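> My questions all concern the structure below.
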Amino acid sequence: MASNCKIFMLGCVKLVKFFPVLFISTIIAWSYYAYVVELCVKNVESLAQKVFYLLFFHFSFVMFVWSYVQTIFTSPGEIPKQFYVSQRNVDELENAETEDAQRQILTRLAKHLPVVCRTMNGCYRYCEKCRCLKPDRSHHCSICGRCILKMDHHCPWVNNCVNFSNYKFFVLFLGWGIWYCLYISFTSLPHFLRLFKIGFRGAAEFQIMFLFFLGFLFSFSLICLFGYHLFLTTRNRSTLESFRVPVFFNGPDKRGFHLGWKANFQEVFGDQRELWFFPIYSSLGDGVNFPTRCLDFDSERLLGSHCNVRPYSDEEDDNNSVSNGMIQNHHDDDAPSRPNYVR
């Protein structure tokens, strides 16, 4: 009985979480009906204009909905098995009496893992809930109940974590959403003005009015969000990293993953230009290994000193890191070499 009640409660929670998606889906479905039936079929008199409107509308609609569906249903991915800690080591961590003892245990466990990010006190990042060492740029999502690879944020409007696996789809969803809303608004504007002059007399006329206003309102809100995420993409930062600076073995560096805007863009959208605007997976990497811009640590280690990152300008990053292909990675005593996948 108790197990059945728990299953029922979990089902109710999942349904409540899906309400924002149902709300957006209802608005999209209504906009399709209002544009195709109320505007094009009933108000556009010219056949050529009607065909033109519907042709480009359906292309915009398909790209917008396709991006939205991909963002919703793409799995956040799984943390690789080698990052999980055995029960014996978990007990060892929990029974450690000092912070230094925990640090030594985590250092030993991370010795053969490709991790360079640390906590503020210099320890390797460990998730007590998932009982795993966190891969670089991953975070624990309290809503999903697990660690997420390169987590950006949890978005209720897609009922999913925006992360390494679907970040390209999310950005395209915003971009195609802007195009879809502006296309609806501008093509319905002449008919809205005509109805405004003669007066709104029925439900059909009011639907065109709402279609016009909602298109502009949604487009302006999406433009702000889209611009922000394009900025993050060109800086190779996630939303979480813009508020919580990633920490490396040499200290915090908000631009530690910044490789130049071209390489940053390719990391999300890939190096196949023909796929950039389509919600087809083309991102580079595996969500675990990420190139960094820190100077090579091996030569400094021989001298007994630490790696220091001198300040870079955006122009220097773009010219040197991308043009010359010299993207260097963090190295330390405990982390293996990391692949350079930027082509």
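Chains: A, B, ... in order of the structure tokens. Residues: from 1 per chain. Ligands: from 1, in order shown.
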Give me the residues within 12 Å of Val37 (chain A) as a CSV table (one decimal) with all heavy atoms, in the first residue's frame, counting only C-alpha atoms and dropping any in the same chain fewer than 5 places off.

```
chain,number,residue,atom,x,y,z
A,29,ALA,N,0.2,25.3,-30.3
A,29,ALA,CA,-0.9,24.7,-31.1
A,29,ALA,C,-1.9,25.8,-31.5
A,29,ALA,O,-2.4,25.8,-32.6
A,29,ALA,CB,-1.5,23.6,-30.3
A,30,TRP,N,-2.2,26.6,-30.5
A,30,TRP,CA,-3.2,27.7,-30.8
A,30,TRP,C,-2.7,28.6,-31.9
A,30,TRP,O,-3.4,29.1,-32.8
A,30,TRP,CB,-3.6,28.5,-29.5
A,30,TRP,CG,-4.3,29.7,-29.9
A,30,TRP,CD1,-5.7,29.8,-30.1
A,30,TRP,CD2,-3.8,31.1,-30.0
A,30,TRP,NE1,-6.0,31.1,-30.4
A,30,TRP,CE2,-4.8,31.9,-30.4
A,30,TRP,CE3,-2.5,31.6,-29.9
A,30,TRP,CZ2,-4.7,33.3,-30.6
A,30,TRP,CZ3,-2.3,32.9,-30.1
A,30,TRP,CH2,-3.4,33.8,-30.4
A,31,SER,N,-1.4,29.0,-31.8
A,31,SER,CA,-0.8,29.9,-32.8
A,31,SER,C,-0.9,29.3,-34.2
A,31,SER,O,-1.1,30.0,-35.2
A,31,SER,CB,0.6,30.3,-32.4
A,31,SER,OG,1.5,29.2,-32.6
A,32,TYR,N,-0.7,28.0,-34.3
A,32,TYR,CA,-0.8,27.3,-35.6
A,32,TYR,C,-2.2,27.5,-36.1
A,32,TYR,O,-2.4,27.8,-37.3
A,32,TYR,CB,-0.4,25.8,-35.4
A,32,TYR,CG,-0.4,25.1,-36.7
A,32,TYR,CD1,0.7,25.0,-37.5
A,32,TYR,CD2,-1.6,24.4,-37.2
A,32,TYR,CE1,0.7,24.3,-38.7
A,32,TYR,CE2,-1.6,23.7,-38.3
A,32,TYR,CZ,-0.5,23.7,-39.1
A,32,TYR,OH,-0.5,23.0,-40.3
A,42,LYS,N,-9.0,32.5,-43.9
A,42,LYS,CA,-10.2,33.3,-43.8
A,42,LYS,C,-9.9,34.8,-44.2
A,42,LYS,O,-10.9,35.5,-44.6
A,42,LYS,CB,-10.8,33.3,-42.4
A,42,LYS,CG,-11.3,31.9,-42.1
A,42,LYS,CD,-12.0,31.9,-40.7
A,42,LYS,CE,-12.6,30.6,-40.4
A,42,LYS,NZ,-13.3,30.6,-39.0
A,43,ASN,N,-8.7,35.3,-44.1
A,43,ASN,CA,-8.5,36.7,-44.3
A,43,ASN,C,-7.6,37.1,-45.4
A,43,ASN,O,-7.7,38.2,-46.0
A,43,ASN,CB,-7.9,37.3,-43.0
A,43,ASN,CG,-9.0,37.6,-41.9
A,43,ASN,OD1,-9.6,38.6,-41.9
A,43,ASN,ND2,-9.1,36.6,-41.0
A,44,VAL,N,-6.6,36.2,-45.8
A,44,VAL,CA,-5.8,36.5,-46.9
A,44,VAL,C,-6.5,36.1,-48.2
A,44,VAL,O,-6.8,35.0,-48.4
A,44,VAL,CB,-4.4,35.7,-46.8
A,44,VAL,CG1,-3.5,36.0,-48.0
A,44,VAL,CG2,-3.7,36.1,-45.5
A,50,LYS,N,-1.2,33.9,-50.0
A,50,LYS,CA,-1.5,32.8,-49.1
A,50,LYS,C,-0.5,31.6,-49.1
A,50,LYS,O,-0.1,31.1,-48.1
A,50,LYS,CB,-2.9,32.3,-49.4
A,50,LYS,CG,-3.5,31.3,-48.4
A,50,LYS,CD,-4.9,30.9,-48.8
A,50,LYS,CE,-5.9,32.1,-48.8
A,50,LYS,NZ,-7.3,31.7,-49.1
A,53,TYR,N,2.8,32.9,-47.5
A,53,TYR,CA,2.7,32.9,-46.0
A,53,TYR,C,2.8,31.5,-45.4
A,53,TYR,O,3.5,31.3,-44.5
A,53,TYR,CB,1.4,33.6,-45.6
A,53,TYR,CG,1.3,35.1,-45.6
A,53,TYR,CD1,2.4,35.8,-46.2
A,53,TYR,CD2,0.3,35.8,-45.0
A,53,TYR,CE1,2.4,37.2,-46.1
A,53,TYR,CE2,0.3,37.1,-45.0
A,53,TYR,CZ,1.3,37.9,-45.5
A,53,TYR,OH,1.3,39.2,-45.5
A,54,LEU,N,2.0,30.6,-46.0
A,54,LEU,CA,1.9,29.2,-45.4
A,54,LEU,C,3.2,28.5,-45.6
A,54,LEU,O,3.6,27.7,-44.8
A,54,LEU,CB,0.8,28.5,-46.0
A,54,LEU,CG,-0.6,29.0,-45.6
A,54,LEU,CD1,-1.7,28.2,-46.4
A,54,LEU,CD2,-0.8,28.8,-44.1
A,204,ALA,N,-12.9,35.6,-34.4
A,204,ALA,CA,-11.8,35.5,-35.3
A,204,ALA,C,-10.9,36.7,-35.4
A,204,ALA,O,-9.7,36.6,-35.4
A,204,ALA,CB,-12.4,35.2,-36.7
A,205,GLU,N,-11.5,37.9,-35.4
A,205,GLU,CA,-10.7,39.1,-35.4
A,205,GLU,C,-9.9,39.3,-34.1
A,205,GLU,O,-8.7,39.7,-34.2
A,205,GLU,CB,-11.6,40.3,-35.6
A,205,GLU,CG,-12.2,40.5,-37.0
A,205,GLU,CD,-13.5,39.6,-37.2
A,205,GLU,OE1,-13.8,38.9,-36.2
A,205,GLU,OE2,-14.0,39.7,-38.3
A,207,GLN,N,-8.7,36.9,-32.3
A,207,GLN,CA,-7.6,35.9,-32.4
A,207,GLN,C,-6.4,36.5,-33.2
A,207,GLN,O,-5.3,36.2,-32.8
A,207,GLN,CB,-8.1,34.6,-33.0
A,207,GLN,CG,-9.0,33.8,-32.1
A,207,GLN,CD,-9.1,32.3,-32.4
A,207,GLN,OE1,-8.1,31.6,-32.3
A,207,GLN,NE2,-10.3,31.9,-32.9
A,208,ILE,N,-6.7,37.2,-34.3
A,208,ILE,CA,-5.6,37.8,-35.0
A,208,ILE,C,-4.9,38.9,-34.2
A,208,ILE,O,-3.7,39.0,-34.3
A,208,ILE,CB,-6.2,38.4,-36.4
A,208,ILE,CG1,-6.7,37.3,-37.3
A,208,ILE,CG2,-5.1,39.2,-37.1
A,208,ILE,CD1,-7.4,37.7,-38.5
```
> Ranking A:Pro20, A:Trp276, A:Thr98, A:Leu240 by minimum distance to Gly175 (chain A) and counting only C-alpha atoms, which one comes first?
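Comparing A:Pro20, A:Trp276, A:Thr98, A:Leu240 against Gly175 (chain A), the winner is A:Trp276.
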> From a DSSP calculation on the backbone, collect every residue of region 54-301 of chain A in alpha helix (DSSP H) and output the set as number ranges by chain.
A: 54-73, 87-95, 99-109, 167-198, 203-235, 239-243, 261-269, 298-301
> So how far away is CA of Tyr167 (chain A) from CA of His140 (chain A), in Å?
16.9 Å
> Give me the residues within 12 Å of Thr107 (chain A) as a ChimeraX atom specification, counting only C-alpha atoms and dropping any in the same chain fewer than 2 places off.
/A:93,100-105,109-113,115-116,118,122-126,133,249,332-335
> Do you know which residues are at most 6 Å from region 263-267 of chain A counting only C-alpha atoms, after dropping those on the same chain fewer than 6 positions away, and could you put them as a PyMOL selection string?
chain A and resi 233-234+236+283-284
> Just the selected residues (C-alpha atoms), exported as an mmCIF file, in the first residue's frame, please.

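Output (out.cif):
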```
data_model
loop_
_atom_site.group_PDB
_atom_site.id
_atom_site.type_symbol
_atom_site.label_atom_id
_atom_site.label_comp_id
_atom_site.auth_asym_id
_atom_site.auth_seq_id
_atom_site.Cartn_x
_atom_site.Cartn_y
_atom_site.Cartn_z
ATOM 1 C CA THR A 233 28.532 30.406 -26.034
ATOM 2 C CA THR A 234 31.202 32.741 -27.419
ATOM 3 C CA ASN A 236 32.550 29.115 -23.369
ATOM 4 C CA SER A 283 28.639 19.369 -30.580
ATOM 5 C CA LEU A 284 32.306 18.501 -30.071
#
```
> Give one line per residue of region 235-261 of chain A that approaches region 135-139 of chain A to at most 9 Å, naming the two atoms of the closest pair and their distance in Å to one decimal, counting only C-alpha atoms; sort by chain then ascending residue number and deliver it as a tab-separated table.

```
residue	atom	partner	partner_atom	distance
A:Ser238	CA	A:Arg137	CA	8.5
A:Leu240	CA	A:His139	CA	8.9
A:Glu241	CA	A:Arg137	CA	8.1
A:Pro246	CA	A:Arg137	CA	7.7
```
> So, with only C-alpha atoms as the atoms that count, which of A:Phe278, A:Ile27, A:Asn289, A:Ile143 lies closest to Ser60 (chain A)?
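Checking each of A:Phe278, A:Ile27, A:Asn289, A:Ile143 against Ser60 (chain A), counting only C-alpha atoms, the winner is A:Phe278.
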> Can you measure CA of Val158 (chain A) to CA of Val171 (chain A) for me? One decimal in Å is fine.
12.4 Å
